[in-house]
file model.cif (mmCIF, C-alpha atoms and all ligand atoms)
data_run
loop_
_atom_site.label_atom_id
_atom_site.label_comp_id
_atom_site.auth_asym_id
_atom_site.auth_seq_id
_atom_site.Cartn_x
_atom_site.Cartn_y
_atom_site.Cartn_z
CA MET A 1 -30.16 51.63 67.95
CA LEU A 2 -32.16 52.00 64.76
CA ALA A 3 -30.33 51.05 61.56
CA ALA A 4 -31.17 50.57 57.88
CA ILE A 5 -29.91 47.11 56.94
CA LEU A 6 -29.29 45.78 53.44
CA ARG A 7 -30.01 42.06 53.41
CA GLU A 8 -29.33 39.31 50.86
CA GLU A 9 -31.19 39.41 47.54
CA SER A 10 -32.96 42.67 48.29
CA GLU A 11 -32.83 46.18 46.92
CA GLU A 12 -34.77 47.40 49.93
CA LEU A 13 -33.22 48.45 53.21
CA PHE A 14 -34.97 47.24 56.36
CA MET A 15 -35.33 49.30 59.53
CA GLU A 16 -34.11 47.19 62.46
CA HIS A 17 -33.17 47.71 66.09
CA ILE A 18 -29.66 46.36 66.67
CA PRO A 19 -27.15 46.49 69.56
CA LEU A 20 -24.95 49.59 69.92
CA PRO A 21 -21.44 48.90 68.50
CA GLU A 22 -18.34 49.12 70.72
CA PRO A 23 -15.35 51.11 69.45
CA LYS A 24 -11.85 49.63 69.83
CA ASN A 25 -8.61 51.54 70.41
CA GLY A 26 -8.08 54.15 67.72
CA GLU A 27 -11.82 54.39 67.11
CA VAL A 28 -14.66 56.48 68.52
CA LEU A 29 -18.41 56.03 68.77
CA ILE A 30 -20.37 58.90 67.29
CA LYS A 31 -24.02 59.82 67.46
CA VAL A 32 -24.95 60.26 63.81
CA LEU A 33 -26.70 63.57 63.10
CA SER A 34 -26.83 63.30 59.31
CA THR A 35 -25.55 61.08 56.50
CA GLY A 36 -25.37 61.82 52.78
CA VAL A 37 -26.90 59.49 50.20
CA CYS A 38 -24.22 58.84 47.57
CA HIS A 39 -24.50 56.99 44.29
CA SER A 40 -21.74 54.64 45.52
CA ASP A 41 -24.18 53.37 48.20
CA LEU A 42 -26.74 52.87 45.43
CA HIS A 43 -24.20 50.87 43.39
CA VAL A 44 -23.96 48.47 46.36
CA VAL A 45 -27.77 48.29 46.79
CA LYS A 46 -28.15 47.42 43.11
CA LYS A 47 -25.24 44.94 43.20
CA HIS A 48 -23.32 46.99 40.62
CA VAL A 49 -20.48 46.72 43.11
CA LYS A 50 -19.96 43.62 45.24
CA PHE A 51 -20.16 44.02 49.00
CA PRO A 52 -20.76 41.39 51.71
CA ARG A 53 -24.29 41.40 53.19
CA PRO A 54 -26.01 41.94 55.53
CA ALA A 55 -24.58 45.43 55.54
CA ILE A 56 -25.12 48.96 56.74
CA LEU A 57 -24.21 51.59 54.14
CA GLY A 58 -23.77 55.34 54.57
CA HIS A 59 -20.30 56.84 54.29
CA GLU A 60 -20.50 60.62 54.62
CA VAL A 61 -21.45 61.52 58.14
CA PHE A 62 -21.80 64.53 60.41
CA GLY A 63 -22.02 63.55 64.06
CA GLN A 64 -20.96 64.06 67.64
CA ILE A 65 -18.48 61.95 69.60
CA VAL A 66 -20.10 60.09 72.48
CA GLN A 67 -17.32 57.63 73.39
CA ILE A 68 -13.53 57.81 73.11
CA SER A 69 -10.96 55.98 75.23
CA GLU A 70 -8.85 57.94 77.75
CA ASN A 71 -5.72 56.85 75.90
CA ASP A 72 -6.98 58.07 72.52
CA LYS A 73 -8.09 61.32 74.12
CA SER A 74 -4.55 61.96 75.30
CA VAL A 75 -2.96 61.01 71.95
CA PHE A 76 -5.44 62.65 69.56
CA ASP A 77 -7.09 66.03 69.72
CA PHE A 78 -10.63 64.66 70.12
CA ALA A 79 -13.04 64.48 73.07
CA GLU A 80 -16.65 63.63 73.86
CA ASP A 81 -19.17 66.14 72.42
CA ASP A 82 -16.85 67.23 69.59
CA PHE A 83 -18.67 67.66 66.28
CA VAL A 84 -16.98 65.77 63.45
CA VAL A 85 -17.29 65.11 59.73
CA THR A 86 -16.11 61.68 58.64
CA SER A 87 -14.08 60.79 55.58
CA PHE A 88 -15.32 57.75 53.67
CA ILE A 89 -11.67 56.82 53.16
CA MET A 90 -10.46 55.30 56.44
CA PRO A 91 -6.65 55.06 56.18
CA CYS A 92 -4.58 52.64 58.28
CA ASN A 93 -1.59 55.07 58.16
CA ASN A 94 0.65 52.01 58.08
CA CYS A 95 0.59 50.32 54.66
CA GLU A 96 2.87 51.01 51.69
CA GLN A 97 0.34 53.41 50.15
CA CYS A 98 -0.23 55.30 53.40
CA ASN A 99 3.53 55.45 54.07
CA SER A 100 4.08 57.08 50.71
CA GLY A 101 1.37 59.67 51.41
CA LEU A 102 -1.32 58.07 49.23
CA THR A 103 -3.77 57.54 52.08
CA ASN A 104 -6.74 57.77 49.69
CA ILE A 105 -5.72 54.43 48.18
CA CYS A 106 -4.82 52.78 51.52
CA SER A 107 -4.50 49.04 50.80
CA SER A 108 -5.75 48.03 54.22
CA PHE A 109 -8.94 50.12 53.93
CA PHE A 110 -9.61 48.73 50.47
CA PHE A 111 -9.04 45.09 51.44
CA ASN A 112 -10.63 45.10 54.90
CA ASN A 113 -13.50 47.47 54.30
CA ARG A 114 -14.37 47.74 50.63
CA LEU A 115 -13.83 44.06 49.84
CA ASN A 116 -14.76 42.44 53.18
CA GLY A 117 -16.98 44.91 55.06
CA ASN A 118 -14.67 44.97 58.09
CA MET A 119 -12.97 47.66 60.11
CA LEU A 120 -9.21 48.12 59.70
CA ASP A 121 -8.31 45.27 62.11
CA GLY A 122 -10.21 42.81 59.90
CA THR A 123 -13.18 42.38 62.26
CA LYS A 124 -16.74 43.68 62.39
CA ARG A 125 -18.28 45.96 65.02
CA LEU A 126 -21.92 45.46 64.05
CA GLN A 127 -24.35 42.64 64.60
CA ASP A 128 -28.10 42.33 64.28
CA LYS A 129 -30.52 41.45 67.08
CA VAL A 130 -30.01 37.70 66.63
CA GLY A 131 -26.23 38.06 66.74
CA GLN A 132 -25.46 37.78 63.00
CA GLU A 133 -22.47 39.92 62.00
CA VAL A 134 -23.21 42.93 59.79
CA SER A 135 -20.73 44.59 57.39
CA SER A 136 -19.90 48.30 57.58
CA TYR A 137 -19.58 50.21 54.31
CA SER A 138 -16.98 52.74 55.53
CA MET A 139 -18.38 53.72 58.96
CA ALA A 140 -21.97 52.53 58.32
CA GLY A 141 -23.70 55.87 58.75
CA PHE A 142 -27.28 54.80 58.06
CA ALA A 143 -27.68 54.03 61.76
CA GLU A 144 -28.16 56.15 64.86
CA TYR A 145 -24.60 55.49 66.07
CA ALA A 146 -21.40 54.61 64.19
CA VAL A 147 -17.87 53.48 65.00
CA VAL A 148 -15.31 55.65 63.20
CA PRO A 149 -11.52 55.22 63.04
CA ILE A 150 -9.83 58.38 64.33
CA SER A 151 -7.87 58.49 61.05
CA ALA A 152 -11.14 59.10 59.19
CA MET A 153 -12.62 62.20 60.76
CA ALA A 154 -12.02 65.87 61.41
CA LYS A 155 -13.41 68.21 64.00
CA VAL A 156 -15.75 70.99 62.91
CA ARG A 157 -16.95 74.08 64.76
CA GLY A 158 -20.28 73.39 66.45
CA ASP A 159 -21.33 77.04 66.00
CA LEU A 160 -20.87 76.86 62.20
CA ALA A 161 -21.47 73.29 61.11
CA ASP A 162 -24.90 71.88 60.46
CA LYS A 163 -26.44 68.69 59.13
CA SER A 164 -25.61 69.53 55.50
CA TRP A 165 -21.88 69.29 56.28
CA CYS A 166 -21.95 65.48 56.12
CA VAL A 167 -21.60 65.69 52.33
CA LEU A 168 -18.09 67.06 52.71
CA GLY A 169 -16.98 63.57 53.75
CA CYS A 170 -17.38 61.93 50.34
CA ALA A 171 -18.61 64.28 47.60
CA GLY A 172 -16.55 67.14 49.05
CA ILE A 173 -13.21 65.37 49.50
CA THR A 174 -13.53 63.39 46.26
CA ALA A 175 -14.13 66.51 44.18
CA HIS A 176 -11.47 68.51 45.99
CA SER A 177 -8.82 65.85 45.46
CA ALA A 178 -9.73 65.31 41.80
CA VAL A 179 -9.65 69.02 40.89
CA LYS A 180 -6.60 69.89 42.97
CA ARG A 181 -4.52 67.04 41.56
CA ALA A 182 -5.62 67.66 37.96
CA ILE A 183 -4.49 71.29 38.24
CA LEU A 184 -1.21 70.31 39.93
CA THR A 185 -0.52 67.86 37.08
CA ARG A 186 -1.08 70.58 34.48
CA GLN A 187 1.06 73.06 36.42
CA MET A 188 3.90 70.52 36.66
CA GLU A 189 3.86 70.17 32.88
CA GLY A 190 3.54 73.90 32.25
CA ALA A 191 0.27 73.14 30.45
CA PRO A 192 -2.82 75.40 30.42
CA TYR A 193 -5.85 74.65 32.57
CA LYS A 194 -8.26 77.38 31.52
CA THR A 195 -11.10 75.10 30.44
CA ALA A 196 -12.69 72.24 32.37
CA ILE A 197 -15.64 70.01 31.53
CA VAL A 198 -17.65 68.26 34.21
CA ILE A 199 -19.68 65.33 32.85
CA GLY A 200 -22.50 64.47 35.27
CA VAL A 201 -23.41 67.23 37.70
CA GLY A 202 -25.04 65.26 40.50
CA GLY A 203 -23.76 65.34 44.09
CA VAL A 204 -20.09 64.83 43.18
CA GLY A 205 -20.14 66.76 39.88
CA LEU A 206 -21.59 69.88 41.56
CA PHE A 207 -18.69 69.88 44.02
CA ILE A 208 -16.23 69.44 41.11
CA THR A 209 -17.86 72.45 39.40
CA LEU A 210 -17.56 74.50 42.57
CA PHE A 211 -13.90 73.59 43.16
CA CYS A 212 -13.05 74.38 39.52
CA LYS A 213 -14.45 77.85 40.22
CA ILE A 214 -12.66 78.18 43.58
CA PHE A 215 -9.35 77.10 41.97
CA GLY A 216 -9.76 79.79 39.31
CA ILE A 217 -10.62 77.84 36.15
CA GLU A 218 -11.95 80.31 33.60
CA ASN A 219 -14.36 78.22 31.51
CA ILE A 220 -16.33 75.57 33.38
CA ILE A 221 -18.62 73.49 31.21
CA ALA A 222 -21.29 71.36 32.85
CA ILE A 223 -22.69 68.44 30.86
CA ASP A 224 -25.65 66.34 31.96
CA ILE A 225 -28.72 64.68 30.46
CA ASP A 226 -31.04 66.77 32.64
CA ASP A 227 -31.30 70.56 32.22
CA LYS A 228 -32.38 71.00 35.84
CA LYS A 229 -29.03 69.54 36.94
CA THR A 230 -26.98 71.84 34.71
CA GLU A 231 -29.00 74.82 36.01
CA LEU A 232 -27.77 73.96 39.50
CA ALA A 233 -24.23 73.71 38.13
CA ARG A 234 -24.52 77.20 36.63
CA ASP A 235 -25.52 78.43 40.04
CA LEU A 236 -22.32 76.91 41.47
CA GLY A 237 -20.00 78.41 38.87
CA ALA A 238 -20.45 76.66 35.51
CA THR A 239 -20.02 79.20 32.71
CA HIS A 240 -21.52 76.97 29.98
CA ALA A 241 -23.91 74.01 30.02
CA PHE A 242 -24.81 71.33 27.50
CA ASN A 243 -27.35 68.54 27.46
CA SER A 244 -25.62 65.45 26.05
CA ALA A 245 -28.99 63.75 25.51
CA LYS A 246 -29.85 66.46 23.00
CA MET A 247 -26.46 67.23 21.42
CA ASN A 248 -23.81 64.99 19.93
CA VAL A 249 -20.13 65.14 20.77
CA GLN A 250 -19.13 67.04 17.59
CA ASP A 251 -21.71 69.78 18.20
CA ILE A 252 -20.69 70.12 21.84
CA LYS A 253 -17.01 70.28 20.84
CA ALA A 254 -17.72 72.95 18.22
CA SER A 255 -19.48 75.06 20.87
CA LEU A 256 -16.62 74.93 23.39
CA PRO A 257 -14.39 77.90 24.00
CA GLY A 258 -11.02 76.89 22.48
CA GLN A 259 -10.05 73.52 21.02
CA GLY A 260 -11.46 71.10 23.59
CA ALA A 261 -11.13 71.08 27.36
CA HIS A 262 -7.73 71.02 29.09
CA LEU A 263 -9.38 69.09 31.91
CA VAL A 264 -12.30 66.68 31.77
CA PHE A 265 -13.90 65.28 34.92
CA GLU A 266 -16.19 62.29 34.45
CA ALA A 267 -18.58 61.92 37.41
CA VAL A 268 -21.16 59.42 36.12
CA GLY A 269 -19.46 56.04 35.74
CA SER A 270 -20.29 54.66 32.29
CA ALA A 271 -18.53 53.76 29.05
CA ALA A 272 -20.57 56.37 27.14
CA THR A 273 -19.55 59.26 29.40
CA ILE A 274 -15.86 58.28 29.48
CA GLU A 275 -15.91 58.06 25.69
CA LEU A 276 -17.65 61.46 25.57
CA GLY A 277 -14.76 62.78 27.67
CA PHE A 278 -12.29 61.44 25.11
CA GLY A 279 -14.19 63.25 22.40
CA LEU A 280 -14.08 66.59 24.22
CA VAL A 281 -10.59 66.72 25.74
CA SER A 282 -8.00 69.05 24.18
CA GLU A 283 -4.73 67.84 22.68
CA GLY A 284 -2.45 66.93 25.59
CA GLY A 285 -5.47 67.14 27.94
CA LEU A 286 -6.25 65.21 31.10
CA ILE A 287 -9.38 63.13 31.73
CA THR A 288 -10.02 62.41 35.40
CA VAL A 289 -12.50 59.59 35.95
CA VAL A 290 -14.37 59.81 39.24
CA GLY A 291 -17.52 57.85 38.37
CA ILE A 292 -17.70 54.21 39.44
CA ALA A 293 -19.24 51.85 36.89
CA PRO A 294 -21.11 48.58 37.37
CA HIS A 295 -18.78 45.61 37.84
CA GLY A 296 -17.18 44.47 34.55
CA THR A 297 -17.94 47.66 32.58
CA THR A 298 -15.25 48.50 30.02
CA ALA A 299 -14.75 51.56 27.85
CA SER A 300 -12.72 51.85 24.67
CA PHE A 301 -10.64 54.50 22.97
CA GLU A 302 -8.45 54.64 19.90
CA ILE A 303 -4.81 54.05 20.79
CA THR A 304 -2.96 56.16 18.23
CA PRO A 305 -4.63 59.52 19.07
CA LEU A 306 -3.98 58.74 22.75
CA VAL A 307 -0.28 58.46 21.94
CA ARG A 308 0.16 61.13 19.29
CA ARG A 309 -2.01 63.77 21.03
CA GLU A 310 -0.81 62.75 24.50
CA PHE A 311 -4.14 62.42 26.28
CA THR A 312 -3.96 61.29 29.89
CA ILE A 313 -6.68 59.25 31.55
CA LYS A 314 -6.50 59.05 35.31
CA GLY A 315 -8.71 57.50 37.97
CA SER A 316 -9.35 59.44 41.19
CA PHE A 317 -10.60 57.80 44.38
CA GLY A 318 -11.79 59.80 47.40
CA GLY A 319 -9.38 62.18 49.05
CA LYS A 320 -6.90 62.30 51.90
CA PRO A 321 -8.47 62.94 55.30
CA LYS A 322 -5.47 65.01 56.46
CA ASP A 323 -5.34 67.21 53.36
CA ASP A 324 -8.65 67.19 51.52
CA LEU A 325 -11.03 66.82 54.47
CA SER A 326 -9.24 69.61 56.37
CA ALA A 327 -9.24 71.78 53.25
CA VAL A 328 -12.96 71.39 52.50
CA ILE A 329 -13.86 71.99 56.15
CA LYS A 330 -11.79 75.17 56.11
CA LEU A 331 -13.57 76.35 52.94
CA ALA A 332 -16.94 75.55 54.52
CA GLU A 333 -15.99 77.42 57.70
CA GLN A 334 -15.06 80.43 55.53
CA GLY A 335 -18.55 80.27 54.01
CA LEU A 336 -17.17 79.40 50.55
CA ILE A 337 -19.21 76.22 50.06
CA PRO A 338 -22.89 77.05 49.47
CA LEU A 339 -24.17 73.77 50.86
CA GLU A 340 -27.76 75.02 50.66
CA LYS A 341 -27.42 74.84 46.86
CA ILE A 342 -26.00 71.30 46.91
CA VAL A 343 -28.15 69.60 49.56
CA ASN A 344 -31.69 69.83 48.23
CA GLN A 345 -33.48 66.89 49.87
CA ASN A 346 -33.72 65.83 53.49
CA TYR A 347 -35.24 62.48 54.56
CA ALA A 348 -35.90 60.66 57.81
CA LEU A 349 -33.97 57.36 58.15
CA LYS A 350 -37.23 55.45 57.76
CA ASP A 351 -37.64 57.00 54.29
CA ILE A 352 -34.22 55.89 53.06
CA ASN A 353 -35.69 53.65 50.36
CA THR A 354 -37.42 56.70 48.87
CA ALA A 355 -34.09 58.56 48.89
CA PHE A 356 -32.46 55.69 46.95
CA PHE A 357 -35.42 55.39 44.56
CA GLU A 358 -35.20 59.11 43.72
CA LEU A 359 -31.42 58.95 43.26
CA ASP A 360 -31.81 55.93 40.98
CA LYS A 361 -34.48 57.61 38.86
CA GLY A 362 -32.52 60.87 38.51
CA ILE A 363 -35.12 62.83 40.51
CA THR A 364 -32.60 63.88 43.17
CA ARG A 365 -31.04 67.30 42.60
CA GLY A 366 -27.54 67.61 44.01
CA ARG A 367 -27.26 65.60 47.21
CA SER A 368 -29.87 64.10 49.54
CA ILE A 369 -29.18 63.61 53.21
CA ILE A 370 -30.68 61.49 55.94
CA ASP A 371 -31.39 63.86 58.83
CA PHE A 372 -31.57 61.96 62.12
CA ALA A 373 -33.51 64.81 63.74
CA ASN A 374 -36.21 64.28 61.10
CA LYS A 375 -38.47 61.54 62.43
CA GLY A 376 -40.69 61.72 59.37
CA LEU A 377 -43.85 62.14 61.39
N1 LIG B 1 -14.14 58.22 42.85
C1 LIG B 1 -14.71 58.33 44.03
O1 LIG B 1 -14.06 58.34 45.06
C2 LIG B 1 -16.20 58.50 44.10
C3 LIG B 1 -16.78 59.11 45.23
C4 LIG B 1 -18.16 59.32 45.22
C5 LIG B 1 -18.93 58.90 44.16
N2 LIG B 1 -18.32 58.26 43.12
C6 LIG B 1 -19.10 57.82 41.94
O2 LIG B 1 -19.33 59.00 41.15
C7 LIG B 1 -20.53 58.82 40.41
C8 LIG B 1 -21.45 59.99 40.67
O3 LIG B 1 -21.89 59.96 42.02
P1 LIG B 1 -23.01 60.96 42.54
O4 LIG B 1 -23.30 60.59 43.94
O5 LIG B 1 -22.68 62.36 42.18
O6 LIG B 1 -24.26 60.49 41.61
P2 LIG B 1 -25.56 61.29 41.18
O7 LIG B 1 -26.55 60.26 40.79
O8 LIG B 1 -25.90 62.30 42.21
O9 LIG B 1 -25.09 62.10 39.88
C9 LIG B 1 -24.93 61.53 38.61
C10 LIG B 1 -25.24 62.63 37.58
O10 LIG B 1 -24.93 62.11 36.30
C11 LIG B 1 -25.97 62.47 35.41
N3 LIG B 1 -25.96 61.50 34.32
C12 LIG B 1 -26.46 60.24 34.30
N4 LIG B 1 -26.23 59.66 33.09
C13 LIG B 1 -25.58 60.58 32.35
C14 LIG B 1 -25.08 60.60 31.02
N5 LIG B 1 -25.20 59.54 30.22
N6 LIG B 1 -24.47 61.70 30.58
C15 LIG B 1 -24.32 62.81 31.38
N7 LIG B 1 -24.78 62.84 32.65
C16 LIG B 1 -25.39 61.75 33.13
C17 LIG B 1 -27.22 62.44 36.25
O11 LIG B 1 -28.26 63.18 35.67
C18 LIG B 1 -26.72 63.04 37.56
O12 LIG B 1 -26.81 64.43 37.53
C19 LIG B 1 -21.10 57.46 40.86
O13 LIG B 1 -20.66 56.47 39.95
C20 LIG B 1 -20.45 57.25 42.21
O14 LIG B 1 -20.37 55.89 42.56
C21 LIG B 1 -16.99 58.07 43.07
ZN ZN B 2 -19.69 58.48 48.17
ZN ZN B 3 -2.97 52.25 54.68
#

call {"tool": "encode", "arguments": {"input": "model.cif", "output": "structure tokens"}}
result
Amino acid sequence: MLAAILREESEELFMEHIPLPEPKNGEVLIKVLSTGVCHSDLHVVKKHVKFPRPAILGHEVFGQIVQISENDKSVFDFAEDDFVVTSFIMPCNNCEQCNSGLTNICSSFFFNNRLNGNMLDGTKRLQDKVGQEVSSYSMAGFAEYAVVPISAMAKVRGDLADKSWCVLGCAGITAHSAVKRAILTRQMEGAPYKTAIVIGVGGVGLFITLFCKIFGIENIIAIDIDDKKTELARDLGATHAFNSAKMNVQDIKASLPGQGAHLVFEAVGSAATIELGFGLVSEGGLITVVGIAPHGTTASFEITPLVRREFTIKGSFGGKPKDDLSAVIKLAEQGLIPLEKIVNQNYALKDINTAFFELDKGITRGRSIIDFANKGL
């Protein structure tokens, strides 16, 4: 099969023909139809985040099952030809985190896959044409076929789903989980959640904007350094937009409805944007950090206001396949996710380096996908 491989000391992915991987029990082989290009993949390419190479990236996939064992077919509700969307979080359903319902922070997935590039049993499925083992970043979707744990996918209706649905598997679930849990936290405390700020309205931030709207938040404020990005956010439900390259934090705060935002979502991954969030959150407000920052990045905040005005800062990683993936698929099936406004670029696999270049330079609007039907002729 054709795959885009990230090799040592390179920021370029190489197109190579490699052997088809073999799924083990509890896994399926899918034919990849499309894969989203997420900034988390770019962090790995640029070595902002450590990951063992050689590697195949790509962690939000829409595809069709081509191989599943008879035993798994009888235990799980999946069969050959089913269309599926994969979740980048691949839970083991067996560790302490999974057993307490926190499948999005599964320890086994984090250790085996994110730190070591392996599947959940601690071994690799991929190798190159000379037999060298290749790491999988989640299910390694920048290849024509991928091995996916059954715990990390959900069936979608073939008559409704299309190639743009791959983005539900990372951007979709991550945003859904972040917004849903932020609102639940406020509800538990009897606190208001009328105003939300989304800092960084790229692929993930646009989904956060949309879910804020779907969950009924009244004032949704999109902040970015590019006016074209905030225009897209307005189209997805943002009621206000500010350009933080042109305005300082005091001026933005003075222009907000009310006294700061009850909820802040940070979807960039930098000290400056987390600190901006601190400057814009309301008293007692909640900052949810979704952005991943280059290794070693730290942010600072003043301790006493944190205590006396009871700010909360909370990380949010992915979503739960059983809850968030099912929920976003249901919303998409109801026609409530305008994917045509989020997925604005479509590349052939052979043009993947262009897709990463454009994401890196901020040229990408919303999400790009690799469309495996596009041969780039
Ligand atoms: N927590 C998770 O589970 C999770 C999941 C997916 C992505 N991420 C991370 O979320 C972040 C965003 O991912 P993405 O794929 O949406 O990226 P993206 O590149 O599509 O979007 C980033 C957006 O931030 C804007 N931006 C850049 N610098 C800014 C600044 N200083 N102030 C305001 N806006 C700024 C860009 O213009 C762009 O619109 C990345 O760090 C990614 O690794 C985290
Ligand atoms: Zn991602
Ligand atoms: Zn687990």

call {"tool": "closest_atom_pairs", "arguments": {"input": "model.cif", "of": "region 7-101 of chain A", "to": "region 343-364 of chain A", "cutoff": "7 Å", "atoms": "all atoms listed in the file", "output": "tab-separated table"}}
result
residue	atom	partner	partner_atom	distance
A:Glu12	CA	A:Asn353	CA	6.3
A:Leu13	CA	A:Asn353	CA	6.4
A:Met15	CA	A:Lys350	CA	6.7
A:Leu42	CA	A:Phe356	CA	6.6

call {"tool": "residues_near_ligand", "arguments": {"input": "model.cif", "ligand": "ligand LIG 1 (chain B)", "cutoff": "8 Å", "atoms": "all atoms listed in the file", "output": "PDB file with C-alpha atoms, in the coordinates of the input"}}
result
ATOM      1  CA  VAL A  37     -26.900  59.490  50.200  1.00  0.00           C
ATOM      2  CA  CYS A  38     -24.220  58.840  47.570  1.00  0.00           C
ATOM      3  CA  HIS A  39     -24.500  56.990  44.290  1.00  0.00           C
ATOM      4  CA  SER A  40     -21.740  54.640  45.520  1.00  0.00           C
ATOM      5  CA  ASP A  41     -24.180  53.370  48.200  1.00  0.00           C
ATOM      6  CA  LEU A  42     -26.740  52.870  45.430  1.00  0.00           C
ATOM      7  CA  HIS A  43     -24.200  50.870  43.390  1.00  0.00           C
ATOM      8  CA  CYS A 170     -17.380  61.930  50.340  1.00  0.00           C
ATOM      9  CA  ALA A 171     -18.610  64.280  47.600  1.00  0.00           C
ATOM     10  CA  THR A 174     -13.530  63.390  46.260  1.00  0.00           C
ATOM     11  CA  ALA A 175     -14.130  66.510  44.180  1.00  0.00           C
ATOM     12  CA  ILE A 199     -19.680  65.330  32.850  1.00  0.00           C
ATOM     13  CA  GLY A 200     -22.500  64.470  35.270  1.00  0.00           C
ATOM     14  CA  VAL A 201     -23.410  67.230  37.700  1.00  0.00           C
ATOM     15  CA  GLY A 202     -25.040  65.260  40.500  1.00  0.00           C
ATOM     16  CA  GLY A 203     -23.760  65.340  44.090  1.00  0.00           C
ATOM     17  CA  VAL A 204     -20.090  64.830  43.180  1.00  0.00           C
ATOM     18  CA  GLY A 205     -20.140  66.760  39.880  1.00  0.00           C
ATOM     19  CA  LEU A 206     -21.590  69.880  41.560  1.00  0.00           C
ATOM     20  CA  ILE A 223     -22.690  68.440  30.860  1.00  0.00           C
ATOM     21  CA  ASP A 224     -25.650  66.340  31.960  1.00  0.00           C
ATOM     22  CA  ILE A 225     -28.720  64.680  30.460  1.00  0.00           C
ATOM     23  CA  ASP A 226     -31.040  66.770  32.640  1.00  0.00           C
ATOM     24  CA  LYS A 229     -29.030  69.540  36.940  1.00  0.00           C
ATOM     25  CA  THR A 230     -26.980  71.840  34.710  1.00  0.00           C
ATOM     26  CA  ASN A 243     -27.350  68.540  27.460  1.00  0.00           C
ATOM     27  CA  SER A 244     -25.620  65.450  26.050  1.00  0.00           C
ATOM     28  CA  ALA A 245     -28.990  63.750  25.510  1.00  0.00           C
ATOM     29  CA  ALA A 267     -18.580  61.920  37.410  1.00  0.00           C
ATOM     30  CA  VAL A 268     -21.160  59.420  36.120  1.00  0.00           C
ATOM     31  CA  GLY A 269     -19.460  56.040  35.740  1.00  0.00           C
ATOM     32  CA  SER A 270     -20.290  54.660  32.290  1.00  0.00           C
ATOM     33  CA  ALA A 272     -20.570  56.370  27.140  1.00  0.00           C
ATOM     34  CA  THR A 273     -19.550  59.260  29.400  1.00  0.00           C
ATOM     35  CA  VAL A 289     -12.500  59.590  35.950  1.00  0.00           C
ATOM     36  CA  VAL A 290     -14.370  59.810  39.240  1.00  0.00           C
ATOM     37  CA  GLY A 291     -17.520  57.850  38.370  1.00  0.00           C
ATOM     38  CA  ILE A 292     -17.700  54.210  39.440  1.00  0.00           C
ATOM     39  CA  ALA A 293     -19.240  51.850  36.890  1.00  0.00           C
ATOM     40  CA  GLY A 315      -8.710  57.500  37.970  1.00  0.00           C
ATOM     41  CA  SER A 316      -9.350  59.440  41.190  1.00  0.00           C
ATOM     42  CA  PHE A 317     -10.600  57.800  44.380  1.00  0.00           C
ATOM     43  CA  GLY A 318     -11.790  59.800  47.400  1.00  0.00           C
ATOM     44  CA  GLY A 319      -9.380  62.180  49.050  1.00  0.00           C
ATOM     45  CA  LEU A 359     -31.420  58.950  43.260  1.00  0.00           C
ATOM     46  CA  ASP A 360     -31.810  55.930  40.980  1.00  0.00           C
ATOM     47  CA  GLY A 362     -32.520  60.870  38.510  1.00  0.00           C
ATOM     48  CA  THR A 364     -32.600  63.880  43.170  1.00  0.00           C
ATOM     49  CA  ARG A 365     -31.040  67.300  42.600  1.00  0.00           C
ATOM     50  CA  GLY A 366     -27.540  67.610  44.010  1.00  0.00           C
ATOM     51  CA  ARG A 367     -27.260  65.600  47.210  1.00  0.00           C
TER      52      ARG A 367
END

call {"tool": "atom_distance", "arguments": {"input": "model.cif", "atom1": "CA of Leu286 (chain A)", "atom2": "CA of Lys341 (chain A)"}}
result
28.1 Å

call {"tool": "residues_near_ligand", "arguments": {"input": "model.cif", "ligand": "ligand ZN 3 (chain B)", "cutoff": "6 Å", "atoms": "only C-alpha atoms and all ligand atoms", "output": "MDAnalysis selection string"}}
result
chainID A and resid 91:95 97:98 103 106:108

call {"tool": "write_last_selection", "arguments": {"input": "model.cif", "atoms": "C-alpha atoms", "output": "tab-separated table (two decimals), in the frame of the given file"}}
result
chain	number	residue	atom	x	y	z
A	91	PRO	CA	-6.65	55.06	56.18
A	92	CYS	CA	-4.58	52.64	58.28
A	93	ASN	CA	-1.59	55.07	58.16
A	94	ASN	CA	0.65	52.01	58.08
A	95	CYS	CA	0.59	50.32	54.66
A	97	GLN	CA	0.34	53.41	50.15
A	98	CYS	CA	-0.23	55.30	53.40
A	103	THR	CA	-3.77	57.54	52.08
A	106	CYS	CA	-4.82	52.78	51.52
A	107	SER	CA	-4.50	49.04	50.80
A	108	SER	CA	-5.75	48.03	54.22

call {"tool": "closest_residue", "arguments": {"input": "model.cif", "among": "A:Ile214, A:Ala261, A:Ile221, A:Ile208", "to": "Glu283 (chain A)", "atoms": "all atoms listed in the file"}}
result
A:Ala261

call {"tool": "closest_residue", "arguments": {"input": "model.cif", "among": "A:Thr239, A:Ser326, A:Ser34, A:Ser10", "to": "His176 (chain A)", "atoms": "all atoms listed in the file"}}
result
A:Ser326

call {"tool": "atom_distance", "arguments": {"input": "model.cif", "atom1": "CA of Ile18 (chain A)", "atom2": "CA of Gln127 (chain A)"}}
result
6.8 Å

call {"tool": "residues_around", "arguments": {"input": "model.cif", "residues": "Asp82 (chain A)", "least_positions_apart": "4", "cutoff": "7 Å", "atoms": "all atoms listed in the file", "output": "PDB file with C-alpha atoms, in the frame of the given file"}}
result
ATOM      1  CA  GLN A  64     -20.960  64.060  67.640  1.00  0.00           C
ATOM      2  CA  ILE A  65     -18.480  61.950  69.600  1.00  0.00           C
ATOM      3  CA  PHE A  78     -10.630  64.660  70.120  1.00  0.00           C
ATOM      4  CA  LYS A 155     -13.410  68.210  64.000  1.00  0.00           C
TER       5      LYS A 155
END
